[in-house]
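These notes concern the structure reproduced below.
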Amino acid sequence: MHLHILGIGGTFMGGLALIARSAGHRVTGCDQAIYPPMSTQLAEQGIDLIEGFGADQLKLEPDLFIVGNVVSRGNELMEAILNANAPYTSGPQWLGEHVLTTQHVLAVAGTHGKTTTSAMLAWILQQCGLKPNFLIGGIAPGLGVSAKFDSESSLFVIEADEYDTAFFDKRSKFVHYRARTAILNNLEYDHADIFDSLDDIETQFHHLVRTVASSGQILATDGELAIERVLQRGCWTPVTWLGRPDGWHGQAQDGQIQIALGQKTIGALQWSLSGEHNIKNALAALAGAHAVGVPPEQALLALNGFSGVKRRMETLAVINDITIYDDFAHHPSAIQTTLAGLRQRAGQARILAVLEPRSNTMKLGAMATRLPDALAPADFTFCYAGGHGKQALQWDPSEALARLAPNLQIAHEVDALVDSVLNMALPGDHIVIMSNGGFEGFHTKLVDAMRAKP
């Protein structure tokens, strides 16, 4: 079967392309401005890409068009598909109906930490010889790719996103996934472009809870009030709370994190990942592996070999004792957690934060008032206010971030931003670039300029 994927450059749809090809289908796809690491991964896998959404792609005559949520009415190719009455479906629905029906699905949901927790869980299962299938919104070096499928394997780890499915299906993606083990990490307001309130998001999470079998398991982080409210609406599946003394929990001791299951100490978590959020992610991954039969000690041993995920506090370069990181943080809570974790690592060294407020929520300014506190752990903040594709920022960074002055600079051009960061950086500094997009090549431009500087 020939599948043509609209919006193949996104992390979900790009991963779906790899899975479909592994399932024996011919796969082509189209998108605009595909950037690494997805563009590199698709090219390495030999999947043909078409730039743009031209109506002439209808001539490819695929058996099915698979539509990503980046596509809306008015899209030239989508209008041609509708006018021709050509067959189409959404990515999540295709995955649920054609792949996940034979799998024990371990779905990782939450506002933050989905990618890292999913990668940790897939890594543990892989290291323990269970050969998991997976679809993750990032690439962990140890896993090599963001998605993998082998019909001989029956475990499937998936990053369960609450964003809507498609322009014709406004339910969250995760209702299509048939989760048997559901991990609910955390929940707060996000995606202001499609949700009006936290209550709206809680409703979607409750739809997910309604799909989990009574013979399955829900793993929920203790202390998350929104998650508690979701489960209070109704739950038909056993729930294990993470972080409680009678379940999986971690405690700092002698410079290490001691991991315990109930009264039994499993061992120490020994790795370079920083921040309290990564401890919670680790507990969720360990509990998820335990839910499918991995002995706790074996799971912890495997997790200690986990090296992180690309674009999640990934070290891009160390040049003249200046360390440059790439991080996907694009929500105030994630930004604050990222910088707080880096502060623990950097000590008294200077932290220069470079922020591109690129997500739809960020562009709308729904959380702009929270940004000064989120950026407080940094010694200096650069905010990029240019670009942003079709939709410019709906708020003024100079006004919203005024509390950070004089340790603040707003830039409207990428090249000027590179020069500003380059001129300020000193040996010993830590520069963290926070964006959930390509940032108009800023990462590469900064590293190249840093290397060229005498």
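A note on labels: chains of the structure tokens are A, B, ... as shown, every chain counts residues from 1, and ligands are counted from 1 in their shown order.
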| So which residues touch stretch 279-283 of chain A within 8 Å, counting only C-alpha atoms, skipping near sequence neighbours fewer than 3 positions away, as a list in words? |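 Residues near the query, excluding close chain neighbours: Gly113, Thr116, Thr117, Met120, Asn185, Thr221, Leu242, Gly243, Trp248, His249, Gly250, Gly275, Glu276, Leu286, Ala287 and Leu303 of chain A.
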Write a file of the selected residues as a compact mmCIF listing (two decimals), in the first residue's frame, keeping C-alpha atoms.
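So the final result, stored in again04.txt, reads:
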```txt
# COMPACT_ATOMS: atom_id res chain seq x y z
CA GLY A 113 8.61 15.13 30.24
CA THR A 116 12.33 12.01 27.96
CA THR A 117 10.20 9.52 29.92
CA MET A 120 13.90 6.24 29.15
CA ASN A 185 3.35 12.48 34.58
CA THR A 221 2.67 11.19 39.79
CA LEU A 242 4.61 7.50 41.89
CA GLY A 243 6.48 9.34 44.61
CA TRP A 248 8.22 4.00 43.56
CA HIS A 249 10.07 6.92 45.16
CA GLY A 250 13.48 8.53 45.20
CA GLY A 275 16.86 18.48 37.73
CA GLU A 276 14.09 17.17 39.97
CA LEU A 286 11.07 2.39 36.05
CA ALA A 287 7.46 1.83 37.07
CA LEU A 303 18.50 3.29 33.23
```
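One distance worth recording is that between atom CA of A:Val230 and atom CA of A:Arg210, which is 10.4 Å.
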| field | atom CA of A:Cys128 to atom CA of A:Gln298, distance in Å rounded to a single decimal | value |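 Distance reported for this atom pair: 7.3 Å.
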| query | Using only C-alpha atoms, which residues sit within 12 Å of A:Gly137 once same-chain residues fewer than 4 positions away are excluded, as an MDAnalysis selection string? | reply | chainID A and resid 9:16 37:38 108:109 113:119 145:147 157:161 309:312 328 436
| said: Taking only C-alpha atoms into account, name the residue in A:Thr240, A:Thr89, A:Thr265, A:Ser151 that is nearest to A:Gly24. | reply: A:Ser151
| query | Hey, what's within 6 Å of stretch 409-412 of chain A if we count only C-alpha atoms and toss same-chain stuff fewer than 3 positions away? As a PyMOL selection string, please? | reply | chain A and resi 382-386+417
Export of prior selection with C-alpha atoms as a PDB file, in the first residue's frame:
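What landed in again-v3.pdb:
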```
ATOM      1  CA  PHE A 382      18.274  37.002  25.147  1.00  0.00           C
ATOM      2  CA  CYS A 383      14.763  36.856  23.667  1.00  0.00           C
ATOM      3  CA  TYR A 384      14.219  36.493  19.933  1.00  0.00           C
ATOM      4  CA  ALA A 385      11.194  38.467  18.747  1.00  0.00           C
ATOM      5  CA  GLY A 386      11.579  38.066  14.991  1.00  0.00           C
ATOM      6  CA  LEU A 417      21.420  37.768  17.990  1.00  0.00           C
TER       7      LEU A 417
END
```
Write out as a PDB file with N, CA and C atoms, in the first residue's frame all residues of stretch 325-429 of chain A that DSSP puts in strand (DSSP E) for this structure's backbone.
```pdb
ATOM      1  N   TYR A 325      24.255  24.541  25.056  1.00  0.00           N
ATOM      2  CA  TYR A 325      23.245  23.487  25.159  1.00  0.00           C
ATOM      3  C   TYR A 325      22.058  23.805  24.244  1.00  0.00           C
ATOM      4  N   ASP A 326      21.402  22.756  23.795  1.00  0.00           N
ATOM      5  CA  ASP A 326      20.159  22.876  23.039  1.00  0.00           C
ATOM      6  C   ASP A 326      19.054  22.229  23.859  1.00  0.00           C
ATOM      7  N   ASP A 327      17.968  22.985  24.110  1.00  0.00           N
ATOM      8  CA  ASP A 327      16.872  22.431  24.898  1.00  0.00           C
ATOM      9  C   ASP A 327      15.540  22.790  24.256  1.00  0.00           C
ATOM     10  N   ILE A 351      25.049  31.808  33.492  1.00  0.00           N
ATOM     11  CA  ILE A 351      24.136  31.147  32.564  1.00  0.00           C
ATOM     12  C   ILE A 351      23.528  32.209  31.658  1.00  0.00           C
ATOM     13  N   LEU A 352      23.701  32.037  30.353  1.00  0.00           N
ATOM     14  CA  LEU A 352      23.093  32.912  29.365  1.00  0.00           C
ATOM     15  C   LEU A 352      21.952  32.142  28.704  1.00  0.00           C
ATOM     16  N   ALA A 353      20.732  32.617  28.866  1.00  0.00           N
ATOM     17  CA  ALA A 353      19.562  31.951  28.297  1.00  0.00           C
ATOM     18  C   ALA A 353      19.168  32.633  26.992  1.00  0.00           C
ATOM     19  N   VAL A 354      18.978  31.831  25.949  1.00  0.00           N
ATOM     20  CA  VAL A 354      18.552  32.342  24.644  1.00  0.00           C
ATOM     21  C   VAL A 354      17.206  31.705  24.331  1.00  0.00           C
ATOM     22  N   LEU A 355      16.150  32.525  24.307  1.00  0.00           N
ATOM     23  CA  LEU A 355      14.792  32.000  24.176  1.00  0.00           C
ATOM     24  C   LEU A 355      14.161  32.409  22.851  1.00  0.00           C
ATOM     25  N   PHE A 380      21.631  36.190  32.366  1.00  0.00           N
ATOM     26  CA  PHE A 380      21.287  37.118  31.290  1.00  0.00           C
ATOM     27  C   PHE A 380      20.360  36.383  30.336  1.00  0.00           C
ATOM     28  N   THR A 381      19.364  37.112  29.818  1.00  0.00           N
ATOM     29  CA  THR A 381      18.396  36.518  28.895  1.00  0.00           C
ATOM     30  C   THR A 381      18.397  37.262  27.567  1.00  0.00           C
ATOM     31  N   PHE A 382      18.483  36.487  26.493  1.00  0.00           N
ATOM     32  CA  PHE A 382      18.274  37.002  25.147  1.00  0.00           C
ATOM     33  C   PHE A 382      16.934  36.445  24.670  1.00  0.00           C
ATOM     34  N   CYS A 383      16.055  37.309  24.184  1.00  0.00           N
ATOM     35  CA  CYS A 383      14.763  36.856  23.667  1.00  0.00           C
ATOM     36  C   CYS A 383      14.658  37.247  22.198  1.00  0.00           C
ATOM     37  N   TYR A 384      14.356  36.263  21.369  1.00  0.00           N
ATOM     38  CA  TYR A 384      14.219  36.493  19.933  1.00  0.00           C
ATOM     39  C   TYR A 384      12.763  36.844  19.623  1.00  0.00           C
ATOM     40  N   LEU A 408      18.861  41.839  30.094  1.00  0.00           N
ATOM     41  CA  LEU A 408      17.909  41.410  29.067  1.00  0.00           C
ATOM     42  C   LEU A 408      18.230  42.096  27.755  1.00  0.00           C
ATOM     43  N   GLN A 409      18.116  41.325  26.669  1.00  0.00           N
ATOM     44  CA  GLN A 409      18.253  41.921  25.336  1.00  0.00           C
ATOM     45  C   GLN A 409      17.235  41.276  24.409  1.00  0.00           C
ATOM     46  N   ILE A 410      16.496  42.104  23.669  1.00  0.00           N
ATOM     47  CA  ILE A 410      15.526  41.627  22.691  1.00  0.00           C
ATOM     48  C   ILE A 410      16.150  41.757  21.309  1.00  0.00           C
ATOM     49  N   ALA A 411      16.064  40.698  20.504  1.00  0.00           N
ATOM     50  CA  ALA A 411      16.637  40.716  19.152  1.00  0.00           C
ATOM     51  C   ALA A 411      15.549  40.405  18.136  1.00  0.00           C
TER      52      ALA A 411
END
```
| Among stretch 311-369 of chain A, which residues carry a DSSP assignment of helix (DSSP H, G or I), reported as a PyMOL selection string? | chain A and resi 332-346+360-364+368-369
| Taking only C-alpha atoms into account, which of A:Pro427, A:Leu18, A:Phe134, A:His331 comes nearest A:Ile319? |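 Using only C-alpha atoms, the shortest distance to A:Ile319 belongs to A:Pro427.
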| remark: What separates atom CA of A:Gly129 and atom CA of A:Gln41 is a distance of 24.3 Å
